[in-house]
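Okay, structure first, notes after.
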Amino acid sequence: MSEQRISVLSHFWAPLCAIGSRGPKGLNAQICVSVFGASIVPERPRLLVVLSKTNYTTELVAASGTFAVTVLAEAQAGLLEPLGLHSGREVSKLAGIAHTLTAMGDPAFGGAGSIACEVLRSFDFGDSRAFLAAVRDRTETAEPPLSWQTAKGIVGEEFLARWAAKSVREQAAAREAMAWRE
């Protein structure tokens, strides 16, 4: 029995996180590209959050200057479809999904923890936008976080096929827009 190899780069995409924000048409959220700790000063915690520029939530974060990060728990794999495969431009993504609002009004989903953030700076990467954000509040739980490796074993082949198809479309657009040197 051979072991499945996991790309070392995939470790930077864990755990899976949802980013929630708000705008004139209401609340929205998405599964994000990545979230990284960005502070060495404990009393001034910051995060660097990278969002695809094709996603509606990215526009909302840029306009509002705030967002919530939810570290998804293993029990929340079901959120990957509504938050990761649908566009808030076309549907109300949070209809029927339990959520709370941060003090700044952004949706959070409990999970393994949630963090209310205020944007300090943003960086345009061509295909994506990174937001350096101050952590303004946080809620922590004992729930185990959801990794992509764990999620793939939960969500099923049909979801994975749709996720792969969406990824192919997004990667094609990203190749055209991203900052890169050959």
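By convention here, the chains of the structure tokens are called A, B, ... in the order presented, each chain's residues are numbered starting at 1, and ligands are numbered starting at 1 in the order presented.
Using only C-alpha atoms, the protein and nucleic acid residues lying no more than 6 Å from Ser114 (chain A), apart from those fewer than 4 places from it along its own chain, are Val69, Thr70, Arg138 and Thr139 of chain A.
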Find the residues around region 155-160 of chain A up to 8 Å (only C-alpha atoms counted), leave out those fewer than 2 positions away in its own chain, and share them as a PyMOL selection string. chain A and resi 77-78+81+151-153+162-164
Put those residues in a file: N, CA and C atoms, as an mmCIF file, in the first residue's frame.
```cif
data_model
loop_
_atom_site.group_PDB
_atom_site.id
_atom_site.type_symbol
_atom_site.label_atom_id
_atom_site.label_comp_id
_atom_site.auth_asym_id
_atom_site.auth_seq_id
_atom_site.Cartn_x
_atom_site.Cartn_y
_atom_site.Cartn_z
ATOM 1 N N ALA A 77 -17.748 20.926 7.470
ATOM 2 C CA ALA A 77 -17.391 20.655 6.074
ATOM 3 C C ALA A 77 -18.550 20.990 5.137
ATOM 4 N N GLY A 78 -19.776 20.927 5.629
ATOM 5 C CA GLY A 78 -20.940 21.263 4.821
ATOM 6 C C GLY A 78 -20.982 22.717 4.377
ATOM 7 N N GLU A 81 -19.548 23.928 0.395
ATOM 8 C CA GLU A 81 -20.345 24.108 -0.830
ATOM 9 C C GLU A 81 -20.985 25.487 -0.901
ATOM 10 N N ALA A 151 -11.236 17.449 4.868
ATOM 11 C CA ALA A 151 -12.453 17.806 4.120
ATOM 12 C C ALA A 151 -12.632 16.914 2.900
ATOM 13 N N LYS A 152 -11.554 16.616 2.188
ATOM 14 C CA LYS A 152 -11.659 15.789 0.986
ATOM 15 C C LYS A 152 -12.228 14.408 1.302
ATOM 16 N N GLY A 153 -12.003 13.914 2.505
ATOM 17 C CA GLY A 153 -12.554 12.627 2.897
ATOM 18 C C GLY A 153 -14.001 12.694 3.340
ATOM 19 N N ARG A 162 -16.830 19.245 -8.714
ATOM 20 C CA ARG A 162 -17.274 20.629 -8.931
ATOM 21 C C ARG A 162 -16.242 21.633 -8.432
ATOM 22 N N TRP A 163 -15.591 21.313 -7.301
ATOM 23 C CA TRP A 163 -14.532 22.180 -6.754
ATOM 24 C C TRP A 163 -13.363 22.237 -7.744
ATOM 25 N N ALA A 164 -12.993 21.095 -8.303
ATOM 26 C CA ALA A 164 -11.891 21.038 -9.273
ATOM 27 C C ALA A 164 -12.227 21.854 -10.517
#
```
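With only C-alpha atoms as the atoms that count, the minimum distance from Glu43 (chain A) to the choices A:Arg136, A:Ser92, A:Leu72, A:Tyr56 is reached by A:Arg136.
Taking only region 100-151 of chain A, the residues that DSSP calls helix (DSSP H, G or I) from the backbone come to A:Trp148, A:Gln149, A:Thr150, A:Ala151.
Residues in contact range of Ala130 (chain A), defined as at most 8 Å between only C-alpha atoms, with sequence neighbours fewer than 2 positions away removed, read Leu48, Val49, Val50, Leu51, Ser122, Phe123, Asp124, Phe125, Ser128 and Leu132 of chain A.
Considering only C-alpha atoms, the residue among A:Ala172, A:Leu60, A:Thr150, A:Ala142 positioned nearest to Val119 (chain A) is A:Leu60.
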Quick one: everything within 10 Å of region 6-20 of chain A, counting only C-alpha atoms, minus sequence neighbours fewer than 3 positions away in the same chain. Send it as a PyMOL selection string. chain A and resi 3+27-36+49-51+57-58+60-61+66-74+77+79-80+83-84+94+99+101-102+105-109+111-116+144-151
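Near Glu90 (chain A), within 12 Å and counting only C-alpha atoms, sit Lys25, Asn28, Asn55, Tyr56, Pro82, Leu85, His86, Ser87 and Lys93 of chain A; same-chain residues fewer than 3 positions away were not included.
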Using DSSP on the backbone coordinates, identify the residues of chain A assigned to strand (DSSP E); present them as number ranges by chain. A: 17-23, 26-31, 34-37, 46-52, 66-71, 100-101, 107-108, 113-124, 128-140
Residues as selected, C-alpha atoms, written as a tab-separated table (two decimals), in the first residue's frame, can you do that?
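Dumped everything to selection_11.tsv:
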```tsv
chain	number	residue	atom	x	y	z
A	17	CYS	CA	-11.27	29.45	6.88
A	18	ALA	CA	-14.38	31.39	5.92
A	19	ILE	CA	-14.19	35.15	5.53
A	20	GLY	CA	-17.40	37.09	6.21
A	21	SER	CA	-18.11	40.71	5.36
A	22	ARG	CA	-21.00	43.01	4.60
A	23	GLY	CA	-22.08	45.52	2.00
A	26	GLY	CA	-26.22	42.45	2.84
A	27	LEU	CA	-23.92	39.82	4.26
A	28	ASN	CA	-21.62	37.50	2.33
A	29	ALA	CA	-18.84	35.01	3.01
A	30	GLN	CA	-16.36	32.88	1.12
A	31	ILE	CA	-13.79	30.17	1.66
A	34	SER	CA	-5.13	31.55	2.97
A	35	VAL	CA	-4.75	33.21	6.37
A	36	PHE	CA	-1.41	33.76	8.08
A	37	GLY	CA	-0.35	35.21	11.42
A	46	ARG	CA	-2.49	40.82	13.05
A	47	LEU	CA	-3.46	38.48	10.23
A	48	LEU	CA	-2.65	38.50	6.53
A	49	VAL	CA	-5.68	37.24	4.61
A	50	VAL	CA	-5.47	36.46	0.88
A	51	LEU	CA	-8.70	36.55	-1.16
A	52	SER	CA	-9.28	35.91	-4.85
A	66	THR	CA	-13.62	44.95	8.18
A	67	PHE	CA	-14.19	41.21	8.06
A	68	ALA	CA	-14.55	38.12	10.22
A	69	VAL	CA	-12.37	35.04	9.93
A	70	THR	CA	-13.91	31.75	11.00
A	71	VAL	CA	-11.55	28.81	11.39
A	100	THR	CA	-23.53	35.49	14.37
A	101	LEU	CA	-22.37	39.03	13.74
A	107	PRO	CA	-20.84	37.28	9.79
A	108	ALA	CA	-18.97	34.56	11.69
A	113	GLY	CA	-12.90	29.98	16.51
A	114	SER	CA	-13.67	33.32	14.92
A	115	ILE	CA	-11.80	36.60	14.69
A	116	ALA	CA	-13.09	40.12	14.04
A	117	CYS	CA	-10.60	42.08	11.93
A	118	GLU	CA	-10.06	45.65	10.79
A	119	VAL	CA	-8.06	46.22	7.59
A	120	LEU	CA	-4.82	48.14	8.08
A	121	ARG	CA	-3.44	47.82	4.53
A	122	SER	CA	-4.16	45.94	1.35
A	123	PHE	CA	-1.85	44.59	-1.32
A	124	ASP	CA	-2.75	43.87	-4.94
A	128	SER	CA	-5.70	38.17	-5.53
A	129	ARG	CA	-5.71	40.80	-2.84
A	130	ALA	CA	-4.08	40.48	0.55
A	131	PHE	CA	-5.40	42.33	3.57
A	132	LEU	CA	-3.20	43.04	6.57
A	133	ALA	CA	-5.66	43.27	9.43
A	134	ALA	CA	-5.65	44.06	13.12
A	135	VAL	CA	-7.40	41.48	15.29
A	136	ARG	CA	-10.06	43.41	17.21
A	137	ASP	CA	-11.87	40.54	18.92
A	138	ARG	CA	-11.82	36.75	18.96
A	139	THR	CA	-13.84	33.77	20.08
A	140	GLU	CA	-12.08	30.49	20.75
```
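Distances here use only C-alpha atoms; by that measure, the residue among A:Ala98, A:Ile154, A:Val91, A:Ala38 closest to Ala75 (chain A) is A:Ile154.
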